[in-house]
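As stored in upload-v5.cif (mmCIF, C-alpha atoms):
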```cif
data_entry
#
loop_
_atom_site.label_atom_id
_atom_site.label_comp_id
_atom_site.auth_asym_id
_atom_site.auth_seq_id
_atom_site.Cartn_x
_atom_site.Cartn_y
_atom_site.Cartn_z
CA MET A 1 142.70 -184.21 -49.29
CA SER A 2 143.41 -180.81 -50.76
CA PHE A 3 144.62 -180.75 -54.33
CA ILE A 4 147.37 -178.33 -55.33
CA ASN A 5 148.14 -177.90 -59.00
CA TYR A 6 151.34 -175.86 -59.39
CA ALA A 7 151.06 -175.92 -63.19
CA GLN A 8 147.59 -174.31 -63.11
CA ARG A 9 148.44 -172.41 -59.90
CA GLU A 10 145.31 -173.52 -58.09
CA ILE A 11 144.26 -175.07 -54.79
CA ILE A 12 141.11 -177.16 -54.74
CA LEU A 13 139.25 -177.87 -51.51
CA LYS A 14 136.53 -180.51 -51.30
CA ILE A 15 133.68 -179.76 -48.90
CA VAL A 16 130.94 -182.30 -48.22
CA TYR A 17 127.42 -181.47 -46.98
CA TYR A 18 126.13 -184.33 -44.87
CA GLY A 19 122.84 -184.88 -43.02
CA PRO A 20 119.57 -186.81 -42.86
CA GLY A 21 117.26 -187.16 -45.87
CA LEU A 22 115.45 -183.98 -46.98
CA CYS A 23 117.25 -181.81 -44.37
CA GLY A 24 118.19 -179.25 -47.02
CA LYS A 25 121.70 -180.16 -48.20
CA THR A 26 120.77 -179.68 -51.86
CA THR A 27 118.84 -176.50 -50.93
CA ASN A 28 122.04 -175.14 -49.31
CA ILE A 29 124.05 -175.87 -52.46
CA LYS A 30 121.36 -174.36 -54.71
CA PHE A 31 121.21 -171.23 -52.55
CA ILE A 32 124.99 -170.85 -52.71
CA TYR A 33 124.77 -171.24 -56.50
CA SER A 34 122.11 -168.54 -56.81
CA GLY A 35 123.88 -166.20 -54.39
CA THR A 36 127.30 -166.39 -56.00
CA ASN A 37 128.64 -164.02 -58.63
CA PRO A 38 128.15 -165.86 -62.02
CA ASP A 39 131.87 -165.36 -62.81
CA ALA A 40 132.79 -167.21 -59.63
CA ARG A 41 130.66 -170.31 -60.07
CA GLY A 42 130.71 -173.33 -62.36
CA LYS A 43 127.83 -175.52 -63.50
CA LEU A 44 125.67 -177.08 -60.80
CA VAL A 45 125.43 -180.85 -61.24
CA SER A 46 122.43 -182.30 -59.42
CA LEU A 47 121.64 -186.00 -59.56
CA GLU A 48 118.16 -186.02 -58.04
CA THR A 49 115.27 -188.46 -58.29
CA LYS A 50 111.75 -187.26 -59.14
CA GLN A 51 111.03 -187.06 -55.39
CA GLU A 52 113.82 -184.47 -54.95
CA ARG A 53 116.04 -187.03 -53.31
CA THR A 54 119.71 -186.88 -54.17
CA LEU A 55 120.56 -190.21 -55.77
CA PHE A 56 124.33 -189.91 -55.97
CA PHE A 57 125.52 -186.38 -55.27
CA ASP A 58 125.16 -182.68 -56.04
CA PHE A 59 128.26 -180.86 -57.15
CA LEU A 60 129.04 -177.15 -57.34
CA PRO A 61 132.46 -175.71 -58.19
CA LEU A 62 133.19 -172.16 -56.93
CA SER A 63 136.18 -169.88 -57.49
CA LEU A 64 137.46 -167.56 -54.80
CA PRO A 65 140.12 -164.88 -55.25
CA ALA A 66 143.75 -165.96 -55.40
CA ILE A 67 145.80 -166.32 -52.25
CA ARG A 68 149.55 -165.94 -52.70
CA GLY A 69 149.00 -166.19 -56.46
CA PHE A 70 147.04 -169.43 -56.26
CA LYS A 71 143.38 -169.51 -57.31
CA THR A 72 141.28 -171.06 -54.57
CA ARG A 73 138.55 -173.33 -55.83
CA LEU A 74 135.89 -174.92 -53.70
CA HIS A 75 134.20 -178.13 -54.77
CA LEU A 76 130.96 -178.51 -52.84
CA TYR A 77 129.31 -181.93 -52.71
CA SER A 78 126.14 -183.02 -51.01
CA VAL A 79 125.65 -186.70 -50.27
CA PRO A 80 122.37 -188.64 -50.43
CA GLY A 81 120.68 -188.41 -47.03
CA GLN A 82 118.48 -191.49 -47.11
CA LEU A 83 119.90 -194.42 -45.19
CA PHE A 84 119.49 -196.80 -48.12
CA TYR A 85 121.97 -194.79 -50.20
CA SER A 86 124.78 -195.43 -47.75
CA ALA A 87 127.12 -196.95 -50.38
CA SER A 88 127.18 -193.84 -52.57
CA ARG A 89 127.33 -191.57 -49.49
CA LYS A 90 130.50 -193.24 -48.34
CA LEU A 91 132.17 -192.85 -51.75
CA ILE A 92 131.64 -189.10 -51.84
CA MET A 93 133.22 -188.70 -48.39
CA LYS A 94 136.56 -189.88 -49.75
CA GLY A 95 139.11 -187.10 -49.97
CA ALA A 96 136.93 -184.47 -48.26
CA ASP A 97 138.80 -181.54 -46.70
CA GLY A 98 135.91 -180.42 -44.54
CA VAL A 99 132.38 -181.49 -43.63
CA VAL A 100 129.19 -179.53 -42.98
CA PHE A 101 126.51 -181.42 -41.07
CA VAL A 102 123.06 -180.06 -41.94
CA ALA A 103 120.56 -180.90 -39.20
CA ASP A 104 116.80 -180.68 -39.71
CA SER A 105 115.34 -178.53 -36.90
CA GLN A 106 111.88 -180.14 -37.05
CA LYS A 107 110.90 -182.13 -33.94
CA ALA A 108 109.89 -185.11 -36.08
CA ARG A 109 113.46 -185.36 -37.43
CA LYS A 110 115.18 -185.51 -34.05
CA GLU A 111 116.05 -189.21 -34.33
CA ALA A 112 117.02 -188.93 -38.02
CA ASN A 113 119.57 -186.24 -37.09
CA ILE A 114 121.13 -188.42 -34.42
CA ILE A 115 121.29 -191.51 -36.67
CA SER A 116 122.84 -189.46 -39.49
CA MET A 117 125.51 -188.04 -37.14
CA GLU A 118 126.39 -191.58 -36.01
CA ASP A 119 126.53 -192.68 -39.64
CA LEU A 120 128.87 -189.78 -40.47
CA LYS A 121 131.23 -190.77 -37.65
CA GLU A 122 131.25 -194.37 -38.90
CA ASN A 123 131.96 -193.31 -42.48
CA LEU A 124 134.79 -191.02 -41.38
CA ASP A 125 136.15 -193.81 -39.24
CA ALA A 126 136.11 -196.14 -42.26
CA TYR A 127 138.59 -193.77 -43.95
CA GLY A 128 140.66 -193.43 -40.78
CA TYR A 129 139.46 -189.91 -39.92
CA ASP A 130 138.36 -188.55 -36.55
CA ILE A 131 135.47 -186.08 -36.47
CA ASP A 132 137.23 -184.11 -33.73
CA LYS A 133 140.30 -183.59 -35.88
CA ILE A 134 138.80 -182.48 -39.18
CA PRO A 135 137.30 -179.13 -40.18
CA PHE A 136 133.68 -179.67 -39.19
CA VAL A 137 130.71 -177.33 -38.84
CA ILE A 138 127.07 -177.98 -37.88
CA GLN A 139 124.13 -176.10 -39.37
CA TYR A 140 120.67 -176.19 -37.76
CA ASN A 141 118.50 -175.70 -40.84
CA LYS A 142 114.78 -174.95 -41.25
CA ARG A 143 114.74 -172.40 -38.41
CA ASP A 144 111.76 -170.77 -40.16
CA LEU A 145 109.42 -173.70 -39.45
CA PRO A 146 106.94 -173.58 -36.52
CA THR A 147 107.67 -177.23 -35.67
CA LYS A 148 111.31 -176.50 -34.93
CA MET A 149 113.15 -177.70 -31.82
CA SER A 150 115.04 -175.21 -29.70
CA VAL A 151 118.71 -174.70 -30.52
CA GLU A 152 119.53 -175.96 -26.99
CA GLU A 153 117.77 -179.26 -27.73
CA LEU A 154 119.57 -179.65 -31.08
CA ARG A 155 122.89 -178.87 -29.41
CA ALA A 156 122.22 -181.42 -26.68
CA ASP A 157 121.67 -184.07 -29.38
CA LEU A 158 124.41 -183.18 -31.86
CA ASN A 159 126.96 -180.90 -30.23
CA PRO A 160 126.69 -181.58 -26.48
CA ASP A 161 130.20 -180.39 -25.64
CA GLY A 162 130.00 -177.39 -27.95
CA LYS A 163 133.14 -178.61 -29.70
CA TYR A 164 131.99 -177.71 -33.19
CA PRO A 165 131.07 -174.28 -34.57
CA ASP A 166 127.32 -174.25 -35.22
CA PHE A 167 124.96 -171.96 -37.10
CA GLU A 168 121.22 -171.46 -37.40
CA ALA A 169 119.97 -171.31 -40.98
CA SER A 170 116.99 -171.24 -43.25
CA ALA A 171 118.30 -172.32 -46.63
CA ILE A 172 114.88 -172.10 -48.30
CA ALA A 173 114.24 -168.47 -47.28
CA PRO A 174 114.82 -165.87 -50.01
CA ASN A 175 117.89 -164.42 -48.27
CA GLY A 176 119.04 -167.82 -46.93
CA PRO A 177 120.25 -166.71 -43.49
CA GLY A 178 123.11 -168.80 -42.17
CA VAL A 179 123.97 -170.51 -45.47
CA PHE A 180 127.05 -168.49 -46.43
CA GLU A 181 128.12 -168.14 -42.80
CA THR A 182 128.28 -171.94 -42.57
CA LEU A 183 130.31 -172.23 -45.77
CA LYS A 184 132.73 -169.48 -44.76
CA ALA A 185 133.26 -171.09 -41.36
CA VAL A 186 134.23 -174.46 -42.81
CA VAL A 187 136.53 -172.94 -45.47
CA LYS A 188 138.26 -170.88 -42.81
CA GLN A 189 138.75 -173.96 -40.64
CA ILE A 190 140.23 -175.90 -43.58
CA LEU A 191 142.74 -173.15 -44.42
CA VAL A 192 143.73 -172.68 -40.79
CA GLU A 193 144.21 -176.45 -40.49
CA LEU A 194 146.32 -176.57 -43.68
CA LYS A 195 148.44 -173.75 -42.34
CA LYS A 196 148.99 -175.64 -39.08
CA THR A 197 149.94 -178.92 -40.72
CA LYS A 198 152.56 -177.38 -43.00
CA MET B 1 141.67 -185.37 -43.50
CA VAL B 2 143.85 -182.46 -44.35
CA SER B 3 146.98 -184.37 -43.44
CA SER B 4 147.51 -185.64 -46.98
CA GLN B 5 147.52 -183.65 -50.18
CA MET B 6 147.58 -184.39 -53.87
CA VAL B 7 150.18 -182.12 -55.42
CA ILE B 8 150.97 -181.79 -59.12
CA TYR B 9 154.11 -179.84 -60.04
CA GLU B 10 154.77 -178.19 -63.42
CA GLU B 11 157.23 -180.87 -64.55
CA GLU B 12 154.90 -183.82 -64.12
CA HIS B 13 151.93 -181.82 -65.38
CA GLU B 14 153.81 -181.10 -68.59
CA GLN B 15 154.87 -184.74 -68.97
CA LEU B 16 151.30 -186.00 -68.48
CA THR B 17 149.97 -183.40 -70.92
CA LEU B 18 152.53 -184.44 -73.56
CA ILE B 19 151.51 -188.10 -73.22
CA CYS B 20 147.86 -187.12 -73.56
CA GLU B 21 148.55 -185.00 -76.64
CA ARG B 22 150.28 -187.94 -78.28
CA LEU B 23 147.49 -190.28 -77.23
CA VAL B 24 144.87 -187.99 -78.82
CA ARG B 25 146.69 -188.37 -82.14
CA ASP B 26 147.52 -192.08 -81.87
CA ALA B 27 144.08 -193.17 -80.69
CA LEU B 28 142.28 -190.77 -83.09
CA ALA B 29 140.47 -189.47 -80.01
CA LYS B 30 138.45 -186.26 -79.68
CA ALA B 31 139.63 -185.35 -76.18
CA ILE B 32 141.54 -186.82 -73.27
CA PHE B 33 141.36 -185.94 -69.59
CA ILE B 34 143.31 -187.00 -66.56
CA VAL B 35 141.32 -186.76 -63.35
CA ASP B 36 142.25 -187.63 -59.79
CA LYS B 37 140.13 -190.18 -57.93
CA ASP B 38 138.66 -187.48 -55.68
CA GLY B 39 137.22 -185.67 -58.70
CA GLN B 40 139.74 -182.94 -59.57
CA LEU B 41 140.87 -182.31 -63.12
CA VAL B 42 144.62 -182.68 -63.65
CA THR B 43 144.93 -182.02 -67.39
CA ALA B 44 142.76 -181.87 -70.51
CA THR B 45 143.77 -182.05 -74.17
CA GLY B 46 142.06 -182.23 -77.58
CA GLU B 47 138.65 -180.80 -78.44
CA THR B 48 137.64 -179.73 -74.95
CA ALA B 49 135.74 -176.58 -75.95
CA GLY B 50 132.09 -176.81 -74.93
CA ILE B 51 132.75 -179.51 -72.34
CA ASP B 52 132.27 -178.66 -68.67
CA THR B 53 135.62 -180.15 -67.71
CA THR B 54 135.19 -179.57 -63.95
CA GLY B 55 131.80 -181.29 -63.90
CA LEU B 56 133.11 -184.11 -66.10
CA ALA B 57 136.01 -184.72 -63.69
CA SER B 58 133.67 -184.92 -60.72
CA LEU B 59 131.21 -187.27 -62.44
CA VAL B 60 133.96 -189.55 -63.80
CA ALA B 61 135.45 -189.89 -60.31
CA GLY B 62 132.01 -190.64 -58.84
CA SER B 63 131.26 -193.16 -61.56
CA THR B 64 134.66 -194.85 -61.13
CA ALA B 65 134.15 -195.08 -57.36
CA ALA B 66 130.69 -196.60 -57.88
CA THR B 67 132.04 -199.03 -60.50
CA GLY B 68 134.79 -200.05 -58.06
CA SER B 69 132.20 -200.81 -55.40
CA LEU B 70 130.22 -202.88 -57.90
CA ALA B 71 133.39 -204.85 -58.64
CA GLN B 72 133.89 -205.57 -54.96
CA MET B 73 130.31 -206.82 -54.68
CA ILE B 74 131.11 -209.61 -57.13
CA GLY B 75 134.49 -210.37 -55.60
CA GLU B 76 136.70 -208.32 -57.95
CA GLU B 77 139.11 -205.79 -56.48
CA GLU B 78 138.31 -203.21 -59.14
CA PHE B 79 137.17 -202.80 -62.76
CA PRO B 80 140.24 -200.96 -64.06
CA VAL B 81 138.52 -200.13 -67.36
CA HIS B 82 134.93 -199.11 -68.00
CA PHE B 83 133.39 -198.06 -71.26
CA HIS B 84 130.29 -196.00 -72.07
CA GLU B 85 128.94 -196.39 -75.60
CA GLY B 86 126.83 -193.59 -77.04
CA ASN B 87 125.23 -193.03 -80.46
CA SER B 88 128.11 -191.03 -81.82
CA LYS B 89 130.51 -190.41 -78.92
CA HIS B 90 131.96 -192.90 -76.49
CA LEU B 91 133.83 -192.71 -73.22
CA HIS B 92 136.73 -195.00 -72.33
CA VAL B 93 137.68 -194.71 -68.66
CA SER B 94 140.71 -196.45 -67.14
CA VAL B 95 142.27 -196.31 -63.70
CA ILE B 96 145.99 -195.46 -63.65
CA GLY B 97 147.82 -196.48 -60.49
CA ASP B 98 146.15 -195.69 -57.17
CA THR B 99 145.34 -192.05 -57.72
CA LEU B 100 144.43 -191.08 -61.29
CA ILE B 101 141.86 -191.85 -63.96
CA LEU B 102 142.37 -191.51 -67.72
CA VAL B 103 139.31 -190.54 -69.76
CA VAL B 104 139.27 -190.81 -73.57
CA ILE B 105 136.38 -189.39 -75.60
CA PHE B 106 136.21 -190.75 -79.14
CA ASP B 107 133.77 -191.01 -82.06
CA GLU B 108 133.37 -193.00 -85.30
CA ARG B 109 136.86 -191.98 -86.47
CA SER B 110 138.28 -194.41 -83.92
CA SER B 111 137.22 -197.67 -82.26
CA PHE B 112 137.20 -199.26 -78.82
CA GLY B 113 140.00 -201.64 -79.88
CA LEU B 114 142.30 -198.88 -81.08
CA VAL B 115 141.70 -196.77 -77.98
CA GLN B 116 142.27 -199.74 -75.70
CA LEU B 117 145.53 -200.60 -77.48
CA ARG B 118 146.91 -197.04 -77.39
CA VAL B 119 145.85 -196.50 -73.77
CA LYS B 120 147.71 -199.64 -72.72
CA ARG B 121 150.87 -198.33 -74.40
CA ALA B 122 150.60 -194.94 -72.70
CA TYR B 123 149.78 -196.50 -69.36
CA LYS B 124 153.35 -197.54 -68.52
CA ASN B 125 154.77 -194.02 -69.01
CA MET B 126 151.94 -192.47 -67.02
CA ARG B 127 152.43 -194.83 -64.15
CA GLN B 128 156.09 -193.81 -63.87
CA ILE B 129 155.13 -190.14 -63.72
CA ILE B 130 152.51 -190.84 -61.04
CA GLU B 131 155.15 -192.58 -58.95
CA ASN B 132 157.36 -189.50 -59.29
CA VAL B 133 154.46 -187.30 -58.18
CA ALA B 134 153.90 -189.48 -55.11
CA THR B 135 157.60 -189.43 -54.23
CA LYS B 136 157.82 -185.65 -54.55
CA ALA B 137 154.65 -185.15 -52.51
CA ALA B 138 156.00 -187.39 -49.76
CA GLU B 139 159.31 -185.48 -49.67
CA GLY B 140 157.55 -182.10 -49.62
CA ASN B 141 159.06 -178.93 -50.99
CA PRO B 142 160.04 -176.29 -48.43
CA ASP B 143 160.52 -173.71 -51.18
CA LEU B 144 156.86 -174.05 -52.02
CA ASP B 145 155.38 -173.82 -48.54
CA LEU B 146 152.18 -172.30 -49.81
CA PHE B 147 149.95 -172.63 -46.77
CA GLY B 148 152.62 -171.49 -44.36
CA GLU B 149 152.59 -168.10 -46.11
CA ILE B 150 148.84 -167.60 -45.86
CA THR B 151 147.90 -164.96 -43.32
CA ASP B 152 144.63 -164.58 -41.42
CA ASP B 153 143.93 -161.48 -43.52
CA ASP B 154 144.31 -163.58 -46.69
CA ILE B 155 141.68 -165.97 -45.39
CA ASP B 156 139.27 -163.20 -44.40
CA SER B 157 139.65 -161.38 -47.71
CA LEU B 158 138.78 -164.54 -49.69
CA PHE B 159 135.07 -163.99 -49.27
CA ASN B 160 134.82 -160.30 -50.02
CA ASP B 161 134.02 -160.51 -53.72
CA ALA B 162 132.59 -163.90 -54.55
CA PHE B 163 129.35 -163.84 -52.56
#
```

In structure tokens, what does this structure look like?
Amino acid sequence: MSFINYAQREIILKIVYYGPGLCGKTTNIKFIYSGTNPDARGKLVSLETKQERTLFFDFLPLSLPAIRGFKTRLHLYSVPGQLFYSASRKLIMKGADGVVFVADSQKARKEANIISMEDLKENLDAYGYDIDKIPFVIQYNKRDLPTKMSVEELRADLNPDGKYPDFEASAIAPNGPGVFETLKAVVKQILVELKKTK
Amino acid sequence: MVSSQMVIYEEEHEQLTLICERLVRDALAKAIFIVDKDGQLVTATGETAGIDTTGLASLVAGSTAATGSLAQMIGEEEFPVHFHEGNSKHLHVSVIGDTLILVVIFDERSSFGLVQLRVKRAYKNMRQIIENVATKAAEGNPDLDLFGEITDDDIDSLFNDAF
């Protein structure tokens, strides 16, 4: 649910990063933080356990230039990936304008990707949303690892009909290929969708 | 997901801010925030300098959602008020209507009882304003068709400077 504040002249869009445990959702958010102009970013809130697992959520506010006189602000959230944190994951989904699914390219995480995608569909369904009707982008992360699956195999598991835009990425690499492309794609989809619904 | 929007117009924003300004004085509070349940800041008054208001809004909404789920686990619909007691500063959080959350930060100059009393008095006025906001949002405002005016070039140019 986008938030428009006419008094402050700003539009706020909520984007949620979803995916299996340790797939790199927090790494995506941290890379975006480090790659963004300091004037355009707020404080990064990261609620992690000692094992680098996100306990509740990560949060990063970003400011983009104004459109039609309205400042565009992005609120990026990443949800906890581990299955046992499903209660807090569901809460963060509420009010999301767009979703990025971060898949782990490693062979060993094939099943975890599929379970997480099913879980996402269930959570969206719980709020009355349909994955085919919301701004949704898939990112195949960890493309730098030797144990990676082919993109064709990942697509067959997660995007068999090619309905969703998808990107290859390596969020941990110094130049983070694919990270900003993924973010831009989902923001663009949200704005195009908002334009259509008005 | 993008079918519904939370919209705050100048009139209601001003009314909510005025109520908060009065509440800061009456409750002897340090600062007051109104946040929507999805984590966006609506208004902030009082001594807000040095506080990351955007981060606070997001964490308060997350905490309220988690508290609500705890309530449901024990058969309550919601905990409309939750309170965090610190050494010198305390946080009083209350749910207003279906969409907003009121956050009061106070210290030793005030007390939980005083804050609770003043918040309850302000609650009625706030609820009325929230209903007006919901009505206006449902009616829409063709004069303010913001997204309809956005061009593809606008969208493309958004990313030129920030990253």

Pick the closest to Tyr6 of chain A from A:Asp125, A:Asn37, A:Lys148, A:Phe70: which is it, counting all atoms listed in the file?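 Using all atoms listed in the file, Tyr6 of chain A sits closest to A:Phe70.
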
Specify as a PyMOL selection string all residues of chain A found within 6 Å of chain B, counting only C-alpha atoms. chain A and resi 1-7+36-37+65+95+97+134+195

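Applied to the shown file, the PyMOL selection byres ((chain A and resi 72) around 7) selects the residues Glu10, Ile11, Ile12, Ser63, Leu64, Pro65, Ala66, Ile67, Phe70, Lys71, Arg73 and Leu74 of chain A.
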
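Residues with at least one atom no more than 12 Å from (156.3, -186.8, -68.7), using only C-alpha atoms, are Tyr9, Glu10, Glu11, Glu12, His13, Glu14, Gln15, Leu16, Thr17, Leu18, Ile19, Cys20, Glu21, Arg22, Ala122, Tyr123, Lys124, Asn125, Met126, Arg127, Gln128, Ile129, Ile130, Glu131, Asn132 and Val133 of chain B.
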
Using only C-alpha atoms, which residue out of B:Ala137, B:Val93, B:Ile51, B:Ile74 lies closest to Phe112 of chain B? B:Val93

From the structure block, carefully write segment 48-63 of chain A out with N, CA, C and O atoms; format it as a tab-separated table (two decimals), in the first residue's frame.
```tsv
chain	number	residue	atom	x	y	z
A	48	GLU	N	19.73	-8.47	13.47
A	48	GLU	CA	20.32	-9.78	13.18
A	48	GLU	C	20.70	-10.50	14.46
A	48	GLU	O	21.00	-9.87	15.47
A	49	THR	N	20.73	-11.83	14.39
A	49	THR	CA	21.26	-12.61	15.51
A	49	THR	C	22.78	-12.71	15.33
A	49	THR	O	23.32	-12.26	14.32
A	50	LYS	N	23.45	-13.34	16.29
A	50	LYS	CA	24.92	-13.47	16.19
A	50	LYS	C	25.30	-14.34	15.00
A	50	LYS	O	26.41	-14.30	14.51
A	51	GLN	N	24.41	-15.19	14.54
A	51	GLN	CA	24.71	-16.07	13.40
A	51	GLN	C	24.35	-15.42	12.07
A	51	GLN	O	24.14	-16.11	11.07
A	52	GLU	N	24.23	-14.08	12.05
A	52	GLU	CA	23.89	-13.33	10.85
A	52	GLU	C	22.53	-13.69	10.31
A	52	GLU	O	22.28	-13.59	9.12
A	53	ARG	N	21.66	-14.15	11.16
A	53	ARG	CA	20.30	-14.44	10.70
A	53	ARG	C	19.42	-13.27	11.09
A	53	ARG	O	19.52	-12.76	12.21
A	54	THR	N	18.58	-12.85	10.15
A	54	THR	CA	17.70	-11.72	10.44
A	54	THR	C	16.57	-12.20	11.34
A	54	THR	O	15.85	-13.12	11.00
A	55	LEU	N	16.47	-11.59	12.52
A	55	LEU	CA	15.51	-12.04	13.51
A	55	LEU	C	14.12	-11.49	13.22
A	55	LEU	O	13.12	-12.18	13.30
A	56	PHE	N	14.07	-10.21	12.85
A	56	PHE	CA	12.77	-9.59	12.64
A	56	PHE	C	12.73	-8.96	11.25
A	56	PHE	O	12.02	-9.41	10.38
A	57	PHE	N	13.54	-7.96	11.03
A	57	PHE	CA	13.68	-7.42	9.67
A	57	PHE	C	14.88	-6.51	9.55
A	57	PHE	O	15.45	-6.11	10.57
A	58	ASP	N	15.31	-6.24	8.33
A	58	ASP	CA	16.26	-5.16	8.05
A	58	ASP	C	15.43	-4.05	7.42
A	58	ASP	O	14.44	-4.33	6.74
A	59	PHE	N	15.89	-2.83	7.61
A	59	PHE	CA	15.12	-1.71	7.08
A	59	PHE	C	16.08	-0.65	6.56
A	59	PHE	O	17.03	-0.28	7.24
A	60	LEU	N	15.85	-0.20	5.34
A	60	LEU	CA	16.67	0.87	4.76
A	60	LEU	C	15.78	1.86	4.02
A	60	LEU	O	15.13	1.50	3.04
A	61	PRO	N	15.73	3.12	4.50
A	61	PRO	CA	15.00	4.14	3.74
A	61	PRO	C	15.91	4.82	2.71
A	61	PRO	O	17.05	5.12	3.01
A	62	LEU	N	15.41	5.03	1.50
A	62	LEU	CA	16.16	5.71	0.44
A	62	LEU	C	15.32	6.84	-0.13
A	62	LEU	O	14.10	6.72	-0.19
A	63	SER	N	15.98	7.90	-0.57
A	63	SER	CA	15.25	9.01	-1.21
A	63	SER	C	15.64	9.08	-2.67
A	63	SER	O	16.83	9.09	-2.98
```
